[in-house]
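Dropping work-v4.cif in here (mmCIF, C-alpha atoms):
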data_protein
loop_
_atom_site.label_atom_id
_atom_site.label_comp_id
_atom_site.auth_asym_id
_atom_site.auth_seq_id
_atom_site.Cartn_x
_atom_site.Cartn_y
_atom_site.Cartn_z
CA MET A 1346 57.11 27.44 -8.21
CA PHE A 1347 59.87 29.87 -7.27
CA ASP A 1348 61.13 31.72 -4.23
CA LYS A 1349 64.39 33.60 -3.79
CA VAL A 1350 66.27 34.75 -6.88
CA LYS A 1351 69.33 36.90 -7.35
CA SER A 1352 69.77 38.81 -10.61
CA ARG A 1353 71.84 41.55 -12.20
CA THR A 1354 71.77 43.91 -15.13
CA ARG A 1355 74.18 46.36 -16.73
CA ILE A 1356 72.81 49.91 -16.75
CA HIS A 1357 74.25 53.40 -16.39
CA ILE A 1358 72.91 55.31 -13.36
CA GLU A 1359 74.22 58.72 -12.36
CA LEU A 1360 75.49 59.12 -8.79
CA GLY A 1361 73.27 62.18 -8.47
CA LYS A 1362 70.13 60.02 -8.67
CA PHE A 1363 71.19 58.10 -5.57
CA GLU A 1364 72.15 61.30 -3.77
CA GLN A 1365 68.74 62.78 -4.57
CA LEU A 1366 67.01 59.62 -3.34
CA LYS A 1367 69.02 59.77 -0.12
CA ASN A 1368 68.10 63.42 0.45
CA GLU A 1369 64.40 62.66 -0.02
CA GLY A 1370 64.61 60.43 3.07
CA THR A 1371 62.03 57.82 2.01
CA TYR A 1372 64.66 55.08 1.73
CA ILE A 1373 67.92 54.35 3.51
CA VAL A 1374 70.57 54.91 0.85
CA ASP A 1375 74.12 53.91 1.80
CA ILE A 1376 76.71 55.46 -0.57
CA LYS A 1377 80.21 54.06 -0.04
CA ARG A 1378 83.41 55.62 -1.37
CA ASN A 1379 86.05 53.11 -2.48
CA ILE A 1380 89.63 53.89 -3.44
CA ASN A 1381 91.45 51.47 -5.72
CA ALA A 1382 94.70 50.56 -3.94
CA ASP A 1383 96.58 50.16 -7.21
CA THR A 1384 95.39 53.18 -9.20
CA GLY A 1385 94.10 55.51 -6.51
CA GLU A 1386 90.87 55.85 -8.48
CA LEU A 1387 87.80 56.88 -6.46
CA THR A 1388 84.72 54.75 -7.13
CA TYR A 1389 81.33 54.24 -5.48
CA SER A 1390 78.93 51.50 -4.56
CA VAL A 1391 75.39 52.06 -3.32
CA SER A 1392 72.93 50.02 -1.24
CA ILE A 1393 69.22 50.74 -0.81
CA LEU A 1394 68.25 49.06 2.42
CA ASN A 1395 64.54 49.36 3.16
CA HIS A 1396 62.76 48.85 -0.14
CA SER A 1397 60.28 46.01 -0.83
CA ILE A 1398 63.18 44.54 -2.80
CA PRO A 1399 65.30 43.70 0.27
CA TYR A 1400 68.66 43.58 -1.54
CA ILE A 1401 69.56 46.34 -4.01
CA ARG A 1402 73.22 47.10 -4.83
CA TYR A 1403 74.75 49.22 -7.56
CA TYR A 1404 78.45 49.08 -8.47
CA PHE A 1405 79.72 52.09 -10.41
CA PRO A 1406 82.93 50.62 -11.91
CA SER A 1407 81.01 47.87 -13.73
CA GLN A 1408 77.69 49.78 -13.91
CA THR A 1409 76.00 46.69 -12.51
CA LEU A 1410 72.70 46.69 -10.62
CA VAL A 1411 72.17 43.60 -8.43
CA ILE A 1412 68.96 42.54 -6.68
CA GLU A 1413 67.91 39.58 -4.54
CA VAL A 1414 64.25 39.02 -3.82
CA SER A 1415 61.75 36.35 -2.83
CA VAL A 1416 59.35 36.38 -5.79
CA PRO A 1417 56.17 35.36 -3.88
CA ARG A 1418 56.93 37.60 -0.91
CA TYR A 1419 57.58 40.53 -3.26
CA LEU A 1420 54.27 39.91 -5.03
CA PHE A 1421 51.98 38.64 -2.28
CA GLY A 1422 53.63 39.53 1.03
CA ASP A 1423 54.62 35.99 2.03
CA ASN A 1424 56.03 32.81 0.50
CA VAL A 1425 53.25 30.52 1.73
CA HIS A 1426 51.35 31.92 -1.25
CA MET A 1427 52.93 30.28 -4.30
CA VAL A 1428 53.81 31.59 -7.72
CA LYS A 1429 51.74 29.30 -9.94
CA ASN A 1430 51.36 30.71 -13.44
CA ALA A 1431 52.75 32.91 -16.19
CA SER A 1432 50.58 35.87 -15.16
CA ASP A 1433 52.37 35.89 -11.77
CA ILE A 1434 55.70 36.10 -13.60
CA ASP A 1435 54.39 38.90 -15.81
CA LEU A 1436 53.29 40.72 -12.66
CA PHE A 1437 56.76 40.22 -11.16
CA PHE A 1438 58.60 41.77 -14.11
CA ASN A 1439 56.07 44.59 -14.44
CA LYS A 1440 56.43 45.37 -10.74
CA LEU A 1441 60.24 45.39 -11.03
CA HIS A 1442 60.02 47.76 -13.99
CA ASN A 1443 57.61 50.12 -12.24
CA ASP A 1444 59.54 50.11 -8.94
CA PHE A 1445 62.84 51.09 -10.57
CA LYS A 1446 61.09 53.63 -12.76
CA GLU A 1447 59.69 55.26 -9.63
CA LEU A 1448 62.83 54.77 -7.57
CA LEU A 1449 65.55 55.95 -9.97
CA ASN A 1450 63.68 56.86 -13.17
CA ILE A 1451 65.30 54.03 -15.10
CA SER A 1452 63.66 51.50 -17.44
CA ILE A 1453 64.68 47.84 -17.20
CA ASP A 1454 63.10 45.31 -19.54
CA ARG A 1455 62.52 41.70 -18.41
CA ASN A 1456 65.14 40.47 -20.89
CA ASP A 1457 67.76 42.76 -19.35
CA TRP A 1458 67.89 40.71 -16.14
CA ILE A 1459 70.59 38.00 -15.92
CA ALA A 1460 70.30 35.17 -13.37
CA ALA A 1461 73.07 35.50 -10.77
CA ASN A 1462 74.22 32.97 -8.15
CA ARG A 1463 70.91 32.30 -6.36
CA PHE A 1464 67.79 30.75 -7.86
CA ASP A 1465 65.38 28.70 -5.75
CA VAL A 1466 62.70 26.40 -7.12
CA SER A 1467 60.05 25.60 -4.52
CA TYR A 1468 56.63 24.12 -3.84
CA ASN A 1469 54.31 24.09 -0.81
CA LEU A 1470 52.57 20.71 -0.83
CA ASP A 1471 49.35 20.37 1.17
CA ILE A 1472 49.53 16.97 2.89
CA SER A 1473 46.51 17.51 5.17
CA LYS A 1474 44.31 15.05 3.24
CA THR A 1475 46.87 12.26 2.88
CA GLY A 1476 46.06 10.73 6.27
CA PHE A 1477 49.57 11.41 7.57
CA LEU A 1478 50.93 14.15 9.80
CA ILE A 1479 53.61 16.54 8.61
CA ASP A 1480 56.08 14.87 11.01
CA GLU A 1481 55.47 11.56 9.25
CA TRP A 1482 56.15 13.14 5.87
CA ILE A 1483 59.42 14.61 7.15
CA ILE A 1484 60.44 11.17 8.43
CA HIS A 1485 59.45 9.65 5.09
CA THR A 1486 61.50 12.11 3.01
CA SER A 1487 64.47 11.76 5.37
CA GLN A 1488 64.59 8.03 4.52
CA GLN A 1489 64.91 8.65 0.78
CA SER A 1490 67.91 9.09 -1.48
CA ILE A 1491 68.16 11.98 -3.94
CA PRO A 1492 69.95 11.78 -7.31
CA TYR A 1493 73.32 13.57 -7.23
CA LYS A 1494 72.89 14.47 -3.53
CA LYS A 1495 74.65 11.96 -1.30
CA ASN A 1496 75.18 14.17 1.76
CA LYS A 1497 72.14 14.20 4.08
CA THR A 1498 71.47 16.37 7.14
CA VAL A 1499 68.41 15.91 9.34
CA HIS A 1500 67.19 18.98 11.25
CA TYR A 1501 65.58 19.02 14.68
CA GLU A 1502 63.83 21.63 16.78
CA ASN A 1503 65.21 21.74 20.34
CA ASP A 1504 67.17 18.53 19.62
CA ASP A 1505 63.91 16.58 19.65
CA LYS A 1506 61.25 17.38 17.07
CA LEU A 1507 62.14 16.53 13.48
CA THR A 1508 61.51 19.56 11.25
CA GLY A 1509 63.33 18.90 7.98
CA VAL A 1510 66.00 17.17 5.93
CA THR A 1511 68.55 18.60 3.49
CA PHE A 1512 70.33 16.74 0.69
CA LYS A 1513 73.54 18.09 -0.87
CA ALA A 1514 76.25 16.79 -3.16
CA SER A 1515 78.73 17.43 -0.35
CA ALA A 1516 78.71 19.11 3.04
CA THR A 1517 80.10 22.33 1.53
CA SER A 1518 77.78 22.51 -1.50
CA HIS A 1519 75.58 25.58 -1.82
CA ASP A 1520 72.92 23.93 -3.98
CA LYS A 1521 70.57 21.57 -2.15
CA VAL A 1522 67.23 19.77 -2.01
CA HIS A 1523 65.36 20.61 1.18
CA PHE A 1524 62.13 19.18 2.64
CA TYR A 1525 60.74 20.82 5.77
CA ASN A 1526 57.72 21.69 7.87
CA LYS A 1527 56.56 25.03 6.47
CA HIS A 1528 54.39 25.86 9.49
CA ALA A 1529 57.33 25.33 11.86
CA GLU A 1530 59.52 27.59 9.70
CA VAL A 1531 56.86 30.31 9.51
CA LYS A 1532 56.27 30.17 13.26
CA GLN A 1533 59.98 30.80 13.93
CA ASN A 1534 60.25 33.65 11.39
CA LYS A 1535 59.93 37.00 13.20
CA TYR A 1536 58.40 38.53 10.06
CA TYR A 1537 55.49 36.07 10.10
CA ARG A 1538 55.03 34.92 13.70
CA ASP A 1539 52.31 37.46 14.58
CA LYS A 1540 50.39 37.02 11.31
CA GLU A 1541 47.75 34.45 12.17
CA ASP A 1542 46.37 34.12 8.63
CA ILE A 1543 49.79 33.14 7.27
CA LEU A 1544 50.33 30.66 10.11
CA GLN A 1545 46.97 29.05 9.36
CA ARG A 1546 47.71 28.77 5.64
CA ALA A 1547 51.08 27.15 6.39
CA GLU A 1548 49.47 24.42 8.51
CA GLY A 1549 49.93 20.98 6.93
CA MET A 1550 52.37 22.23 4.29
CA LEU A 1551 55.39 20.19 3.27
CA ARG A 1552 57.88 22.64 1.80
CA ILE A 1553 60.00 21.37 -1.09
CA GLU A 1554 62.84 23.78 -1.79
CA ILE A 1555 65.63 23.29 -4.31
CA VAL A 1556 68.52 25.73 -4.45
CA THR A 1557 69.74 25.26 -8.02
CA SER A 1558 73.32 25.39 -9.20
CA PRO A 1559 74.71 27.55 -12.04
CA TYR A 1560 75.70 24.31 -13.81
CA GLU A 1561 72.16 22.93 -14.01
CA ARG A 1562 70.76 26.32 -14.99
CA ASP A 1563 73.33 26.59 -17.80
CA LYS A 1564 72.53 23.04 -18.88
CA TYR A 1565 68.87 24.01 -19.20
CA SER A 1566 69.54 27.32 -20.96
CA SER A 1567 72.81 28.98 -21.93
CA SER A 1568 71.09 32.37 -22.28
CA LYS A 1569 71.41 33.05 -18.53
CA LEU A 1570 68.29 35.24 -18.78
CA LEU A 1571 66.23 35.33 -15.61
CA SER A 1572 63.07 35.19 -17.75
CA ASP A 1573 64.15 31.81 -19.19
CA TYR A 1574 64.30 30.25 -15.72
CA LEU A 1575 61.13 31.78 -14.30
CA THR A 1576 59.04 29.34 -16.33
CA LYS A 1577 56.96 26.23 -15.76
CA ASP A 1578 59.33 24.26 -18.01
CA PHE A 1579 62.35 25.01 -15.82
CA PHE A 1580 60.38 24.19 -12.66
CA VAL A 1581 59.34 20.81 -14.12
CA TYR A 1582 62.90 20.18 -15.35
CA ILE A 1583 64.32 20.61 -11.85
CA MET A 1584 61.59 18.62 -10.08
CA GLN A 1585 61.96 15.74 -12.52
CA LYS A 1586 65.76 15.81 -12.29
CA TYR A 1587 65.53 15.11 -8.57
CA LYS A 1588 62.56 12.70 -8.96
CA ILE A 1589 60.43 14.59 -6.45
CA ASN A 1590 57.12 12.99 -7.45
CA GLU A 1591 58.67 9.52 -7.33
CA ILE A 1592 59.83 10.21 -3.78
CA LEU A 1593 56.36 11.44 -2.77
CA HIS A 1594 54.78 8.29 -4.21
CA LYS A 1595 57.07 5.85 -2.41
CA LYS A 1596 55.35 3.73 0.21
CA PHE A 1597 56.04 4.73 3.79
CA GLU A 1598 58.61 2.34 5.22
CA GLN A 1599 59.19 3.50 8.80
CA GLU A 1600 58.45 1.10 11.63
CA ILE A 1601 55.04 1.58 13.18
CA ASP A 1602 55.33 2.96 16.69
CA GLU A 1603 53.67 5.57 18.85
CA GLU A 1604 55.89 8.33 17.48
CA THR A 1605 54.82 7.89 13.85
CA PHE A 1606 51.10 7.16 14.17
CA SER A 1607 48.75 9.65 12.57
CA TYR A 1608 46.40 10.06 15.54
CA HIS A 1609 43.73 12.05 13.74
CA TRP A 1610 43.49 9.26 11.17
CA LEU A 1611 43.36 6.55 13.86
CA LYS A 1612 40.42 8.24 15.57
CA GLN A 1613 38.43 7.99 12.35
CA HIS A 1614 38.85 4.20 12.22
CA MET A 1615 39.21 2.97 15.81
CA LYS A 1616 37.80 3.60 19.25
CA VAL A 1617 40.05 5.05 21.95
CA TYR A 1618 40.36 1.79 23.88
CA GLN A 1619 41.35 0.00 20.64
CA ILE A 1620 44.02 2.61 19.96
CA GLU A 1621 45.35 2.22 23.52
CA THR A 1622 45.45 -1.56 23.16
CA MET A 1623 47.20 -1.40 19.82
CA LEU A 1624 49.76 1.17 20.98
CA GLY A 1625 50.55 -0.94 24.04
CA TYR A 1626 50.95 -4.09 21.98
CA ILE A 1627 53.19 -2.39 19.39
CA LYS A 1628 55.34 -0.82 22.11
CA ILE A 1629 55.83 -4.16 23.83
CA GLN A 1630 56.48 -5.92 20.52
CA ASN A 1631 59.04 -3.34 19.41
CA ASP A 1632 60.87 -3.26 22.75
CA LEU A 1633 60.79 -6.93 23.75
CA GLU A 1634 60.45 -8.70 20.40
CA GLU A 1635 60.31 -12.48 21.06
CA LEU A 1636 59.83 -12.00 24.82
CA ALA A 1637 56.56 -10.17 24.19
CA ARG A 1638 54.70 -13.46 23.67
CA SER A 1639 55.42 -14.60 27.22
CA LEU A 1640 53.45 -11.65 28.64
CA TYR A 1641 50.16 -12.81 27.10
CA SER A 1642 47.99 -15.89 27.35
CA LYS A 1643 47.86 -17.83 24.09
CA SER A 1644 44.32 -16.67 23.27
CA THR A 1645 45.10 -13.02 24.06
CA TYR A 1646 48.30 -13.10 22.06
CA ASP A 1647 46.56 -14.69 19.06
CA ASN A 1648 43.87 -12.03 19.31
CA ARG A 1649 46.51 -9.26 19.32
CA ILE A 1650 48.13 -10.77 16.24
CA ARG A 1651 44.82 -10.86 14.38
CA GLU A 1652 43.95 -7.31 15.34
CA PHE A 1653 47.41 -6.06 14.41
CA ASN A 1654 47.23 -7.77 11.00
CA LYS A 1655 43.86 -6.11 10.37
CA PHE A 1656 45.28 -2.78 11.40
CA GLN A 1657 48.40 -3.25 9.25
CA LYS A 1658 46.24 -4.07 6.23
CA LEU A 1659 44.02 -1.05 6.87
CA LEU A 1660 47.07 1.19 7.20
CA ASP A 1661 48.63 -0.17 4.00
CA GLN A 1662 45.40 0.40 2.09
CA GLN A 1663 45.14 3.92 3.43
CA ARG A 1664 48.68 4.70 2.39
CA GLU A 1665 48.17 3.33 -1.09
CA THR A 1666 44.82 4.96 -1.83
CA LYS A 1667 45.83 8.56 -1.10
CA PRO A 1668 48.85 9.34 -3.26
CA ILE A 1669 50.14 12.85 -3.45
CA GLN A 1670 52.26 14.60 -6.01
CA ILE A 1671 52.99 17.93 -7.63
CA ASP A 1672 50.37 18.34 -10.32
CA PHE A 1673 52.40 19.73 -13.21
CA LYS A 1674 49.36 19.89 -15.52
CA ASN A 1675 47.63 22.49 -13.35
CA LEU A 1676 50.61 24.81 -13.42
CA ALA A 1677 50.21 27.33 -16.23
#
If you took the structure in this file and wrote it as structure tokens, what would it be?
Amino acid sequence: MFDKVKSRTRIHIELGKFEQLKNEGTYIVDIKRNINADTGELTYSVSILNHSIPYIRYYFPSQTLVIEVSVPRYLFGDNVHMVKNASDIDLFFNKLHNDFKELLNISIDRNDWIAANRFDVSYNLDISKTGFLIDEWIIHTSQQSIPYKKNKTVHYENDDKLTGVTFKASATSHDKVHFYNKHAEVKQNKYYRDKEDILQRAEGMLRIEIVTSPYERDKYSSSKLLSDYLTKDFFVYIMQKYKINEILHKKFEQEIDEETFSYHWLKQHMKVYQIETMLGYIKIQNDLEELARSLYSKSTYDNRIREFNKFQKLLDQQRETKPIQIDFKNLA
């Protein structure tokens, strides 16, 4: 249900603890000296660079500890594995508490963490049994409109293969709704590319990723507590706001051509020579339109029309009988 989150808490930590951690050599600890230009006061900020929490910063003037972490990757080692229930969230906060206890001998309760300027709601949707390829789902989502997000950007791999679509309120907005091919993203990620088990699990996954805004988080809860947003209720609130299930249920509307056929589905319903005939007919029909009729004898053309109508009906039935959605009831 969630991926990357940024959070902060106010806590007093002595500089000596960071210096001791640096001397131990287990972690890369970067201690920076800062001089206030107006007062001449010497202050410090610290970064810990190679922990399982990839972003840890501490600012001495405000006594603020800031972290940014992918929740599923922190818990499970990758974000193909999803956070699905309250026990995962409990594990997350317990792990945070134990890591900082071991790291700096400090205790941070779950209600001490305040949501900062990054909070991603996400879902990996398995489309392998829908009868459509992931490319077809990307095309389908790219044809939709998203509430409050009028700016649309379509993403390609090597200027050819469609891999995703992003919806924003404007071109400069940080918050967004993003649909993309999870397997393609994993394959390009240097952290995952040699991990065959993760690549296999990402196959056939449509990634739905929503980078939320501070405004919609505040509208949901004015507490600003991270624990109030890491809940099923907030996940459902965001998904319903952007009508994600309604988009997934919409009938596919793209023109039928050889680029959007689901070949593995076709092979289950037609013989190869029938597929070849149908592809040829559709290609000619799409390219030549009214002139296509002149290429066939009347009987052959009538036969192609009948076969195409049968195929169109079969395809429509297949699309309508295998709906897919995020099952909110099975999220605990």
If the box runs along x, y and z of the file and leaves 4 Å on each side of stretch 1399-1416 of chain A, what are its centre and edge lengths in Å, one decimal, as AutoDock Vina command-line options?
--center_x 71.1 --center_y 44.2 --center_z -6.8 --size_x 31.6 --size_y 23.7 --size_z 22.2
Counting only C-alpha atoms, the residue of A:Glu1447, A:Glu1621, A:Lys1595, A:Asn1526 that sits nearest A:Lys1362: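 Closest residue, counting only C-alpha atoms: A:Glu1447.
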Expected selection from the PyMOL selection byres ((chain A and resi 1496) around 9), given as a ChimeraX atom specification: /A:1494-1495,1497-1498,1511-1516
Residues within 6 Å of A:Gln1408, only C-alpha atoms, excluding chain neighbours under 2 positions, as a PyMOL selection string: chain A and resi 1355-1357+1404-1406
Output the selection as an mmCIF file, keeping the file's coordinate frame - C-alpha atoms for each residue.
data_model
loop_
_atom_site.group_PDB
_atom_site.id
_atom_site.type_symbol
_atom_site.label_atom_id
_atom_site.label_comp_id
_atom_site.auth_asym_id
_atom_site.auth_seq_id
_atom_site.Cartn_x
_atom_site.Cartn_y
_atom_site.Cartn_z
ATOM 1 C CA ARG A 1355 74.180 46.360 -16.730
ATOM 2 C CA ILE A 1356 72.810 49.910 -16.750
ATOM 3 C CA HIS A 1357 74.250 53.400 -16.390
ATOM 4 C CA TYR A 1404 78.450 49.080 -8.470
ATOM 5 C CA PHE A 1405 79.720 52.090 -10.410
ATOM 6 C CA PRO A 1406 82.930 50.620 -11.910
#
Test item: the PyMOL selection byres ((chain A and resi 1472) around 12) resolved as a PyMOL selection string: chain A and resi 1469-1471+1473-1483+1526-1527+1547-1552+1593+1667-1671
Selection near stretch 1388-1399 of chain A, 7 Å with only C-alpha atoms, sequence-local residues under 6 positions removed, as a ChimeraX atom specification: /A:1372-1380,1405-1406,1413-1414,1419
Selection result for the PyMOL selection byres ((chain A and resi 1424) around 10) on this file, as a ChimeraX atom specification: /A:1347-1349,1415-1423,1425-1428,1467-1469,1527,1531,1543,1547
Non-local contacts of A:Leu1507 (8 Å; all atoms listed in the file; under 2 positions in same chain excluded) as a list in words: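 Near A:Leu1507, the qualifying residues are Asp1480, Ile1483, Ile1484, Val1499, His1500, Tyr1501, Glu1502, Asp1505 and Gly1509 of chain A.
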Best match for closeness to A:Gln1489 among A:Ile1592, A:Ile1553, A:Met1584, A:Ala1431, counting only C-alpha atoms: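 Of all the options, A:Ile1592 lies closest to A:Gln1489.
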Non-local contacts of stretch 1565-1580 of chain A (6 Å; all atoms listed in the file; under 3 positions in same chain excluded) as a list in words: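 Answer for this query is Trp1458, Ile1459, Ala1460, Arg1562 and Ile1583 of chain A.
Comparing A:Gln1585, A:Ser1639, A:Asn1648, A:Thr1371 by their smallest distance to A:Thr1622, the closest is A:Asn1648 (using all atoms listed in the file).
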Atom-to-atom span, atom CA of A:Leu1676 and atom CA of A:Arg1463, Å: 22.8 Å
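The space between atom CA of A:Pro1559 and atom CA of A:Asn1462 spans 6.7 Å.
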